[in-house]
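File shown: upload-v3.pdb. Contents: PDB, C-alpha atoms and all ligand atoms.
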MODEL        1
ATOM      1  CA  MET A 283     116.963 126.812  82.692
ATOM      2  CA  ALA A 284     117.186 123.886  85.128
ATOM      3  CA  THR A 285     117.759 120.497  83.536
ATOM      4  CA  GLU A 286     115.644 117.521  84.542
ATOM      5  CA  THR A 287     118.388 116.114  86.743
ATOM      6  CA  GLN A 288     118.693 119.446  88.579
ATOM      7  CA  LEU A 289     114.966 119.713  89.230
ATOM      8  CA  ILE A 290     115.035 117.147  92.015
ATOM      9  CA  ARG A 291     118.029 118.326  94.004
ATOM     10  CA  ASN A 292     117.710 116.026  97.007
ATOM     11  CA  ILE A 293     115.424 113.495  98.664
ATOM     12  CA  SER A 294     113.319 116.194 100.325
ATOM     13  CA  ASP A 295     112.286 117.586  96.924
ATOM     14  CA  THR A 296     110.268 114.378  96.500
ATOM     15  CA  ALA A 297     107.996 115.735  99.255
ATOM     16  CA  LEU A 298     107.024 118.671  96.981
ATOM     17  CA  TRP A 299     106.309 116.180  94.188
ATOM     18  CA  ALA A 300     104.054 114.051  96.431
ATOM     19  CA  ALA A 301     102.145 117.120  97.657
ATOM     20  CA  VAL A 302     101.194 118.026  94.068
ATOM     21  CA  TYR A 303      98.985 114.930  93.742
ATOM     22  CA  ARG A 304      97.151 115.800  96.961
ATOM     23  CA  ALA A 305      96.667 119.341  95.645
ATOM     24  CA  ARG A 306      95.329 118.168  92.286
ATOM     25  CA  GLU A 307      92.966 115.695  93.946
ATOM     26  CA  THR A 308      91.686 118.430  96.253
ATOM     27  CA  GLU A 309      90.878 120.605  93.223
ATOM     28  CA  ARG A 310      88.659 117.920  91.612
ATOM     29  CA  PRO A 311      84.915 118.294  92.152
ATOM     30  CA  ASP A 312      84.735 114.554  92.953
ATOM     31  CA  ALA A 313      87.804 114.512  95.241
ATOM     32  CA  ILE A 314      88.062 111.413  97.423
ATOM     33  CA  PHE A 315      89.956 113.440 100.048
ATOM     34  CA  ARG A 316      90.739 117.098 100.446
ATOM     35  CA  ASP A 317      94.000 118.610 101.592
ATOM     36  CA  PRO A 318      93.502 122.385 101.577
ATOM     37  CA  PHE A 319      97.200 122.929 102.439
ATOM     38  CA  ALA A 320      98.730 120.812  99.668
ATOM     39  CA  ARG A 321      98.761 123.440  96.901
ATOM     40  CA  ARG A 322     100.601 125.970  99.064
ATOM     41  CA  LEU A 323     103.007 123.318 100.338
ATOM     42  CA  ALA A 324     103.779 121.888  96.884
ATOM     43  CA  GLY A 325     104.408 125.380  95.518
ATOM     44  CA  GLU A 326     105.438 126.200  91.986
ATOM     45  CA  ARG A 327     108.532 123.957  92.253
ATOM     46  CA  GLY A 328     106.396 120.938  93.082
ATOM     47  CA  GLU A 329     104.219 121.500  90.035
ATOM     48  CA  VAL A 330     107.265 121.911  87.775
ATOM     49  CA  ILE A 331     108.723 118.668  89.154
ATOM     50  CA  ALA A 332     105.460 116.758  88.649
ATOM     51  CA  ARG A 333     105.101 118.059  85.073
ATOM     52  CA  SER A 334     108.612 116.852  84.286
ATOM     53  CA  LEU A 335     107.592 113.262  85.178
ATOM     54  CA  PRO A 336     104.803 112.217  82.770
ATOM     55  CA  PHE A 337     105.162 108.562  83.811
ATOM     56  CA  SER A 338     104.219 109.619  87.333
ATOM     57  CA  ASP A 339     101.218 111.603  86.037
ATOM     58  CA  ARG A 340      99.913 108.506  84.274
ATOM     59  CA  ALA A 341      99.982 106.802  87.683
ATOM     60  CA  THR A 342      98.005 109.540  89.451
ATOM     61  CA  TRP A 343      95.631 106.786  90.581
ATOM     62  CA  ALA A 344      98.514 105.246  92.571
ATOM     63  CA  TRP A 345      99.310 108.501  94.406
ATOM     64  CA  VAL A 346      95.665 109.188  95.225
ATOM     65  CA  THR A 347      94.890 105.681  96.451
ATOM     66  CA  ARG A 348      98.056 105.661  98.548
ATOM     67  CA  THR A 349      96.762 108.690 100.456
ATOM     68  CA  TYR A 350      93.254 107.238 100.615
ATOM     69  CA  LEU A 351      94.429 103.853 101.961
ATOM     70  CA  PHE A 352      96.829 105.370 104.513
ATOM     71  CA  ASP A 353      93.937 107.576 105.717
ATOM     72  CA  TYR A 354      91.724 104.498 105.967
ATOM     73  CA  PHE A 355      94.244 102.439 107.970
ATOM     74  CA  ILE A 356      95.072 105.391 110.254
ATOM     75  CA  MET A 357      91.400 105.979 111.119
ATOM     76  CA  GLU A 358      90.891 102.255 111.693
ATOM     77  CA  GLN A 359      93.819 102.154 114.128
ATOM     78  CA  LEU A 360      92.650 105.275 115.973
ATOM     79  CA  GLU A 361      89.187 103.744 116.336
ATOM     80  CA  ARG A 362      90.925 100.698 117.846
ATOM     81  CA  GLY A 363      92.611 102.808 120.505
ATOM     82  CA  ALA A 364      95.915 103.964 119.032
ATOM     83  CA  ASP A 365      97.223 106.829 121.184
ATOM     84  CA  MET A 366     100.090 108.087 119.003
ATOM     85  CA  VAL A 367     100.906 108.347 115.301
ATOM     86  CA  VAL A 368     104.588 108.601 114.354
ATOM     87  CA  ASN A 369     104.943 109.768 110.765
ATOM     88  CA  LEU A 370     108.538 109.062 109.732
ATOM     89  CA  ALA A 371     109.651 111.013 106.647
ATOM     90  CA  ALA A 372     106.435 113.039 106.999
ATOM     91  CA  GLY A 373     107.457 115.526 104.321
ATOM     92  CA  LEU A 374     104.602 117.927 103.528
ATOM     93  CA  ASP A 375     101.837 115.646 104.750
ATOM     94  CA  ALA A 376      99.082 117.690 106.408
ATOM     95  CA  ARG A 377      96.994 114.946 108.042
ATOM     96  CA  PRO A 378      97.137 116.558 111.521
ATOM     97  CA  TYR A 379      95.415 119.590 109.972
ATOM     98  CA  ARG A 380      93.019 118.041 107.488
ATOM     99  CA  MET A 381      91.715 114.811 109.052
ATOM    100  CA  ALA A 382      88.975 114.422 111.657
ATOM    101  CA  LEU A 383      91.361 113.083 114.322
ATOM    102  CA  PRO A 384      90.595 112.860 118.044
ATOM    103  CA  SER A 385      92.005 115.999 119.676
ATOM    104  CA  SER A 386      93.824 113.902 122.304
ATOM    105  CA  VAL A 387      95.940 111.984 119.774
ATOM    106  CA  ARG A 388      99.667 112.729 119.813
ATOM    107  CA  TRP A 389     100.937 113.059 116.250
ATOM    108  CA  ILE A 390     104.692 113.103 115.679
ATOM    109  CA  GLU A 391     106.238 114.202 112.402
ATOM    110  CA  ALA A 392     109.895 113.338 111.816
ATOM    111  CA  ASP A 393     111.899 114.420 108.782
ATOM    112  CA  LEU A 394     115.092 116.235 107.800
ATOM    113  CA  PRO A 395     115.447 119.806 109.112
ATOM    114  CA  GLY A 396     115.245 121.607 105.732
ATOM    115  CA  ILE A 397     111.837 120.281 104.706
ATOM    116  CA  LEU A 398     110.345 120.761 108.188
ATOM    117  CA  ASP A 399     111.618 124.371 108.285
ATOM    118  CA  TYR A 400     109.977 124.962 104.890
ATOM    119  CA  LYS A 401     106.734 123.334 106.042
ATOM    120  CA  GLU A 402     106.532 125.445 109.190
ATOM    121  CA  GLU A 403     107.182 128.589 107.174
ATOM    122  CA  ILE A 404     104.260 127.760 104.835
ATOM    123  CA  LEU A 405     101.822 126.526 107.473
ATOM    124  CA  GLY A 406     102.577 129.502 109.709
ATOM    125  CA  SER A 407      99.903 129.844 112.368
ATOM    126  CA  GLU A 408      97.530 127.135 111.028
ATOM    127  CA  LYS A 409      96.204 125.031 113.919
ATOM    128  CA  PRO A 410      96.452 121.232 113.935
ATOM    129  CA  VAL A 411      93.378 119.337 115.182
ATOM    130  CA  CYS A 412      95.430 117.162 117.559
ATOM    131  CA  VAL A 413      98.635 117.386 119.605
ATOM    132  CA  LEU A 414     101.422 117.828 117.055
ATOM    133  CA  GLU A 415     105.167 117.560 117.635
ATOM    134  CA  ARG A 416     107.877 117.873 114.956
ATOM    135  CA  ILE A 417     111.248 116.212 115.276
ATOM    136  CA  ARG A 418     114.150 117.127 113.025
ATOM    137  CA  LEU A 419     115.737 113.736 112.556
ATOM    138  CA  ASP A 420     117.989 112.098 110.004
ATOM    139  CA  LEU A 421     116.671 108.543 110.002
ATOM    140  CA  ALA A 422     120.033 107.363 108.667
ATOM    141  CA  ASN A 423     121.588 108.311 112.011
ATOM    142  CA  VAL A 424     121.002 105.062 113.892
ATOM    143  CA  LYS A 425     121.915 106.331 117.349
ATOM    144  CA  ASN A 426     119.649 109.387 117.110
ATOM    145  CA  ARG A 427     116.719 107.446 115.722
ATOM    146  CA  LYS A 428     117.017 104.789 118.435
ATOM    147  CA  ASP A 429     116.930 107.550 121.063
ATOM    148  CA  VAL A 430     113.797 109.066 119.478
ATOM    149  CA  PHE A 431     112.067 105.686 119.012
ATOM    150  CA  GLY A 432     112.949 104.706 122.595
ATOM    151  CA  ARG A 433     111.464 107.908 124.046
ATOM    152  CA  LEU A 434     108.283 107.775 121.941
ATOM    153  CA  GLY A 435     107.951 104.053 122.506
ATOM    154  CA  ARG A 436     107.952 104.614 126.280
ATOM    155  CA  GLU A 437     105.466 107.492 126.043
ATOM    156  CA  SER A 438     102.865 105.489 124.075
ATOM    157  CA  GLN A 439     100.901 102.304 124.638
ATOM    158  CA  LYS A 440      99.650 101.764 121.100
ATOM    159  CA  ALA A 441     101.552 103.817 118.570
ATOM    160  CA  VAL A 442     101.115 103.571 114.810
ATOM    161  CA  ILE A 443     104.178 104.186 112.645
ATOM    162  CA  LEU A 444     103.808 105.586 109.125
ATOM    163  CA  THR A 445     106.440 105.440 106.414
ATOM    164  CA  GLU A 446     104.794 106.720 103.247
ATOM    165  CA  GLY A 447     106.990 107.068 100.176
ATOM    166  CA  LEU A 448     110.215 106.408 102.065
ATOM    167  CA  LEU A 449     111.283 102.756 101.943
ATOM    168  CA  ILE A 450     111.622 102.508  98.154
ATOM    169  CA  TYR A 451     114.680 104.801  98.357
ATOM    170  CA  LEU A 452     116.496 102.576 100.879
ATOM    171  CA  PRO A 453     118.710  99.495 100.488
ATOM    172  CA  ALA A 454     117.046  96.315 101.843
ATOM    173  CA  GLN A 455     119.610  96.064 104.653
ATOM    174  CA  ASP A 456     118.699  99.566 105.869
ATOM    175  CA  VAL A 457     114.978  98.730 105.778
ATOM    176  CA  ALA A 458     115.687  95.589 107.839
ATOM    177  CA  THR A 459     117.575  97.506 110.558
ATOM    178  CA  LEU A 460     114.959 100.272 110.579
ATOM    179  CA  ALA A 461     112.274  97.588 111.084
ATOM    180  CA  GLU A 462     114.265  96.090 113.979
ATOM    181  CA  ASP A 463     114.800  99.483 115.634
ATOM    182  CA  LEU A 464     111.073 100.223 115.353
ATOM    183  CA  ALA A 465     110.174  96.803 116.766
ATOM    184  CA  ALA A 466     112.424  97.443 119.800
ATOM    185  CA  ALA A 467     110.336 100.452 120.934
ATOM    186  CA  PRO A 468     107.774  99.150 123.463
ATOM    187  CA  GLY A 469     104.676 101.133 122.446
ATOM    188  CA  PHE A 470     105.194 100.808 118.685
ATOM    189  CA  GLN A 471     102.488  98.272 117.791
ATOM    190  CA  ARG A 472     101.453  98.938 114.197
ATOM    191  CA  TRP A 473     103.246 100.096 111.058
ATOM    192  CA  ILE A 474     101.603 101.301 107.836
ATOM    193  CA  LEU A 475     103.858 101.346 104.767
ATOM    194  CA  ASP A 476     103.766 101.262 100.988
ATOM    195  CA  LEU A 477     105.606  98.459  99.257
ATOM    196  CA  ALA A 478     106.618  97.782  95.647
ATOM    197  CA  SER A 479     107.480  94.504  93.939
ATOM    198  CA  PRO A 480     110.886  93.977  92.276
ATOM    199  CA  GLY A 481     109.103  94.310  88.904
ATOM    200  CA  LEU A 482     107.549  97.653  89.820
ATOM    201  CA  VAL A 483     110.850  99.027  91.153
ATOM    202  CA  ARG A 484     112.505  98.099  87.847
ATOM    203  CA  MET A 485     109.715  99.789  85.892
ATOM    204  CA  LEU A 486     109.905 102.983  87.986
ATOM    205  CA  GLN A 487     113.686 103.056  87.797
ATOM    206  CA  LYS A 488     113.569 102.661  84.001
ATOM    207  CA  ASN A 489     110.948 105.393  83.506
ATOM    208  CA  MET A 490     111.950 107.931  86.160
ATOM    209  CA  GLY A 491     115.309 106.841  87.595
ATOM    210  CA  ALA A 492     117.373 109.451  85.731
ATOM    211  CA  GLN A 493     115.133 112.348  86.785
ATOM    212  CA  LEU A 494     115.057 111.105  90.388
ATOM    213  CA  ALA A 495     118.822 110.567  90.604
ATOM    214  CA  GLY A 496     119.228 113.638  92.832
ATOM    215  CA  ALA A 497     116.979 111.948  95.410
ATOM    216  CA  GLY A 498     118.795 108.602  95.295
ATOM    217  CA  THR A 499     118.059 105.258  93.683
ATOM    218  CA  LEU A 500     114.646 103.633  93.587
ATOM    219  CA  GLN A 501     115.621 100.253  94.958
ATOM    220  CA  PHE A 502     113.570  98.590  97.706
ATOM    221  CA  GLY A 503     111.211  95.992  96.294
ATOM    222  CA  PRO A 504     111.821  92.786  98.254
ATOM    223  CA  TRP A 505     111.202  89.495  96.453
ATOM    224  CA  GLU A 506     109.467  88.160  99.608
ATOM    225  CA  GLY A 507     106.772  90.886  99.388
ATOM    226  CA  PRO A 508     105.216  91.909 102.736
ATOM    227  CA  GLU A 509     106.760  88.810 104.351
ATOM    228  CA  PHE A 510     110.122  90.603 104.123
ATOM    229  CA  PHE A 511     109.351  92.147 107.510
ATOM    230  CA  THR A 512     108.621  88.911 109.384
ATOM    231  CA  PRO A 513     112.240  88.111 110.381
ATOM    232  CA  HIS A 514     112.651  91.741 111.449
ATOM    233  CA  GLY A 515     109.947  91.937 114.116
ATOM    234  CA  TRP A 516     106.760  92.671 112.141
ATOM    235  CA  GLN A 517     104.046  90.570 110.525
ATOM    236  CA  PRO A 518     101.634  91.589 107.759
ATOM    237  CA  LEU A 519      98.057  91.940 109.101
ATOM    238  CA  GLU A 520      96.384  93.450 106.037
ATOM    239  CA  VAL A 521      97.554  94.326 102.553
ATOM    240  CA  ALA A 522      95.402  96.635 100.427
ATOM    241  CA  SER A 523      95.740  96.898  96.673
ATOM    242  CA  PRO A 524      95.986 100.461  95.306
ATOM    243  CA  LEU A 525      95.075  99.087  91.859
ATOM    244  CA  LYS A 526      91.865  97.392  93.007
ATOM    245  CA  THR A 527      91.007 100.418  95.139
ATOM    246  CA  ALA A 528      91.511 102.726  92.151
ATOM    247  CA  ALA A 529      89.221 100.454  90.104
ATOM    248  CA  LYS A 530      86.494 100.722  92.763
ATOM    249  CA  LEU A 531      86.918 104.490  92.815
ATOM    250  CA  LYS A 532      86.717 104.551  88.989
ATOM    251  CA  ARG A 533      90.099 106.217  88.606
ATOM    252  CA  LEU A 534      91.693 103.859  86.049
ATOM    253  CA  SER A 535      92.213 104.008  82.308
ATOM    254  CA  TRP A 536      90.616 101.169  80.353
ATOM    255  CA  GLY A 537      93.935  99.279  80.106
ATOM    256  CA  MET A 538      94.649  99.539  83.820
ATOM    257  CA  HIS A 539      91.048  98.601  84.577
ATOM    258  CA  LEU A 540      91.595  95.329  82.699
ATOM    259  CA  ALA A 541      94.785  94.735  84.733
ATOM    260  CA  SER A 542      92.818  95.334  87.930
ATOM    261  CA  LEU A 543      90.518  92.413  87.087
ATOM    262  CA  LEU A 544      93.354  89.913  87.588
ATOM    263  CA  PRO A 545      93.016  87.981  90.861
ATOM    264  CA  ALA A 546      94.456  89.768  93.928
ATOM    265  CA  SER A 547      97.788  88.439  95.087
ATOM    266  CA  ASN A 548      99.717  89.713  98.073
ATOM    267  CA  GLY A 549     102.644  87.316  98.208
ATOM    268  CA  ARG A 550     105.759  87.111  96.061
ATOM    269  CA  GLN A 551     105.295  89.014  92.811
ATOM    270  CA  GLY A 552     108.642  88.656  91.045
ATOM    271  CA  SER A 553     108.681  90.646  87.828
ATOM    272  CA  ARG A 554     104.976  91.531  87.994
ATOM    273  CA  PRO A 555     104.498  95.266  88.696
ATOM    274  CA  TRP A 556     102.670  95.315  92.011
ATOM    275  CA  SER A 557     102.247  97.653  94.954
ATOM    276  CA  GLY A 558     100.529  97.246  98.286
ATOM    277  CA  ILE A 559      99.669  99.397 101.254
ATOM    278  CA  CYS A 560     100.536  97.178 104.201
ATOM    279  CA  LEU A 561      99.399  97.203 107.802
ATOM    280  CA  LEU A 562     101.983  95.391 109.932
ATOM    281  CA  GLY A 563     101.666  94.305 113.544
ATOM    282  CA  LYS A 564     104.500  93.784 115.971
ATOM    283  CA  ARG A 565     105.303  90.092 116.341
TER     284      ARG A 565
HETATM  285  C1  LIG A 601     108.491 110.983  98.776
HETATM  286  S1  LIG A 601     108.691 112.003 100.181
HETATM  287  C2  LIG A 601     107.293 111.448 101.120
HETATM  288  C3  LIG A 601     106.807 112.478 102.073
HETATM  289  C4  LIG A 601     105.473 112.137 102.749
HETATM  290  N1  LIG A 601     105.581 110.953 103.565
HETATM  291  C5  LIG A 601     104.378 111.996 101.714
HETATM  292  O1  LIG A 601     103.948 110.866 101.471
HETATM  293  O2  LIG A 601     103.981 113.011 101.152
HETATM  294  C6  LIG A 601     110.060 111.271 101.045
HETATM  295  C7  LIG A 601     110.384 111.964 102.356
HETATM  296  O3  LIG A 601     111.409 111.206 103.025
HETATM  297  C8  LIG A 601     112.217 112.104 103.743
HETATM  298  N2  LIG A 601     113.488 111.436 104.051
HETATM  299  C9  LIG A 601     114.274 110.762 103.201
HETATM  300  N3  LIG A 601     115.393 110.335 103.825
HETATM  301  C10 LIG A 601     115.278 110.727 105.115
HETATM  302  C11 LIG A 601     116.103 110.581 106.260
HETATM  303  N4  LIG A 601     117.292 109.965 106.202
HETATM  304  N5  LIG A 601     115.672 111.088 107.424
HETATM  305  C12 LIG A 601     114.479 111.738 107.498
HETATM  306  N6  LIG A 601     113.650 111.905 106.445
HETATM  307  C13 LIG A 601     114.049 111.416 105.265
HETATM  308  C14 LIG A 601     112.364 113.258 102.763
HETATM  309  O4  LIG A 601     112.863 114.450 103.357
HETATM  310  C15 LIG A 601     110.944 113.374 102.216
HETATM  311  O5  LIG A 601     110.179 114.266 102.986
ENDMDL
END
What is this file in structure tokens?
Amino acid sequence: MATETQLIRNISDTALWAAVYRARETERPDAIFRDPFARRLAGERGEVIARSLPFSDRATWAWVTRTYLFDYFIMEQLERGADMVVNLAAGLDARPYRMALPSSVRWIEADLPGILDYKEEILGSEKPVCVLERIRLDLANVKNRKDVFGRLGRESQKAVILTEGLLIYLPAQDVATLAEDLAAAPGFQRWILDLASPGLVRMLQKNMGAQLAGAGTLQFGPWEGPEFFTPHGWQPLEVASPLKTAAKLKRLSWGMHLASLLPASNGRQGSRPWSGICLLGKR
């Protein structure tokens, strides 16, 4: 039998884990979004991984509102004329198949080869609603990513970058250089990302760090909050609270509902567990 530490063998296994929460949401009668591909993509392994992480299950509201808020910001940007979406570390995300996107939008998915091979095998001949391109790219390879960003940045006027569930695994220095490389691409104008506070990173590391060790260390939670990105070419335009959103959607336990009544705060959080879905604009 696999031990907990063997269950998550590498960073790409976290994509199976994330897909499980989209599958479970889809199966609810009152689903706030539906991803008809998620169950197949998550597979049995995804479900086994999710069941091995009860702390994560208790935060189902955080997974569901992350998807919901990314969807919201993406649609808002497309309505404002975005011509390209670049989903970095796309994993098993199926937005180009499940969302009502304009058919002319160019949607780029970049991730490591193994997970994209798996995804293509599962999705088979399913048809995306827009123009979809997949790029096998190791984002840690700075030269290759600059080449890709440069090409896409020249081919777009108003591109939106997504990094969903990626940055928390990176050292702050790597996030800073990634931000600078993204800012250097001419058409890259907006960036949607999820951000944790130092207090939340500590809490996640304490409760799930050992099981996630195969994927790396949960580490990025800058003390500056969303302002971290300002010296690196990006400024926060909007920050949405998954907790307050989950309260509005009536997805919280009583205890978390009480926590959601505290005043919203999007600046420095210190040891307070906090997360935000951030829309950044190029400076
Ligand atoms: C938690 S999953 C998130 C996947 C997807 N964005 C979602 O929200 O469902 C993290 C993803 O980051 C990808 N990833 C991590 N390091 C990467 C790298 N150096 N280059 C490309 N992708 C990477 C993994 O393969 C995995 O698909």
Self-check item: Surrounding residues of segment 351-364 of chain A excluding itself and chain neighbours under 5 positions, 12 Å, all atoms listed in the file, as a ChimeraX atom specification
Solution: /A:314-317,343-346,369,375-378,380-389,438-447,469-476,519-528,531,558-563
Quiz prompt | Selection near segment 288-305 of chain A, 9 Å with all atoms listed in the file, sequence-local residues under 5 positions removed, as a VMD selection string | solution = chain A and resid 315 to 325 327 to 332 334 339 342 345 to 346 349 371 to 375 393 to 394 396 to 397 447 451 493 to 498
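Closest approach to Asp456 of chain A among A:Ile390, A:Leu414, A:His514, A:Lys409 is made by A:His514 (distances from all atoms listed in the file).
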Exercise. Counting all atoms listed in the file, figure out which residue out of A:Ala422, A:Val483, A:Ala313, A:Leu434 gets nearest to Met366 of chain A.
Key: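 For Met366 of chain A, the nearest of the given residues is A:Leu434.
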Quiz item: Do you have the atom CA of Ser479 of chain A-atom CA of Ala465 of chain A distance handy?
Solution: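 Computing it gives 23.1 Å between the two atoms.
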Just so I have it separately, write segment 488-524 of chain A from the block I sent, keeping C-alpha atoms, as a compact mmCIF listing (two decimals), in the first residue's frame.
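In the end it all went to result_24.txt:
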# COMPACT_ATOMS: atom_id res chain seq x y z
CA LYS A 488 1.87 22.39 9.57
CA ASN A 489 -1.29 20.51 8.56
CA MET A 490 -0.34 19.16 5.13
CA GLY A 491 3.38 19.82 4.61
CA ALA A 492 4.48 16.23 5.24
CA GLN A 493 1.94 14.75 2.81
CA LEU A 494 2.80 17.37 0.17
CA ALA A 495 6.56 16.93 0.52
CA GLY A 496 6.75 15.10 -2.82
CA ALA A 497 5.42 18.25 -4.51
CA GLY A 498 7.82 20.62 -2.75
CA THR A 499 7.48 23.03 0.15
CA LEU A 500 4.52 25.31 0.71
CA GLN A 501 6.39 28.56 1.10
CA PHE A 502 5.28 31.70 -0.74
CA GLY A 503 3.27 33.98 1.52
CA PRO A 504 4.87 37.43 1.28
CA TRP A 505 4.61 39.69 4.33
CA GLU A 506 3.80 42.64 2.00
CA GLY A 507 0.62 40.89 0.75
CA PRO A 508 -0.45 41.83 -2.81
CA GLU A 509 1.96 44.79 -2.71
CA PHE A 510 4.79 42.25 -3.06
CA PHE A 511 4.37 42.54 -6.83
CA THR A 512 4.68 46.33 -7.07
CA PRO A 513 8.51 46.49 -7.31
CA HIS A 514 8.37 43.68 -9.88
CA GLY A 515 6.23 45.35 -12.55
CA TRP A 516 2.65 44.73 -11.38
CA GLN A 517 0.16 46.59 -9.20
CA PRO A 518 -2.88 45.18 -7.40
CA LEU A 519 -6.14 46.39 -9.02
CA GLU A 520 -8.63 44.23 -7.12
CA VAL A 521 -8.34 41.69 -4.34
CA ALA A 522 -11.27 39.36 -3.67
CA SER A 523 -11.71 37.46 -0.44
CA PRO A 524 -12.45 33.73 -0.83
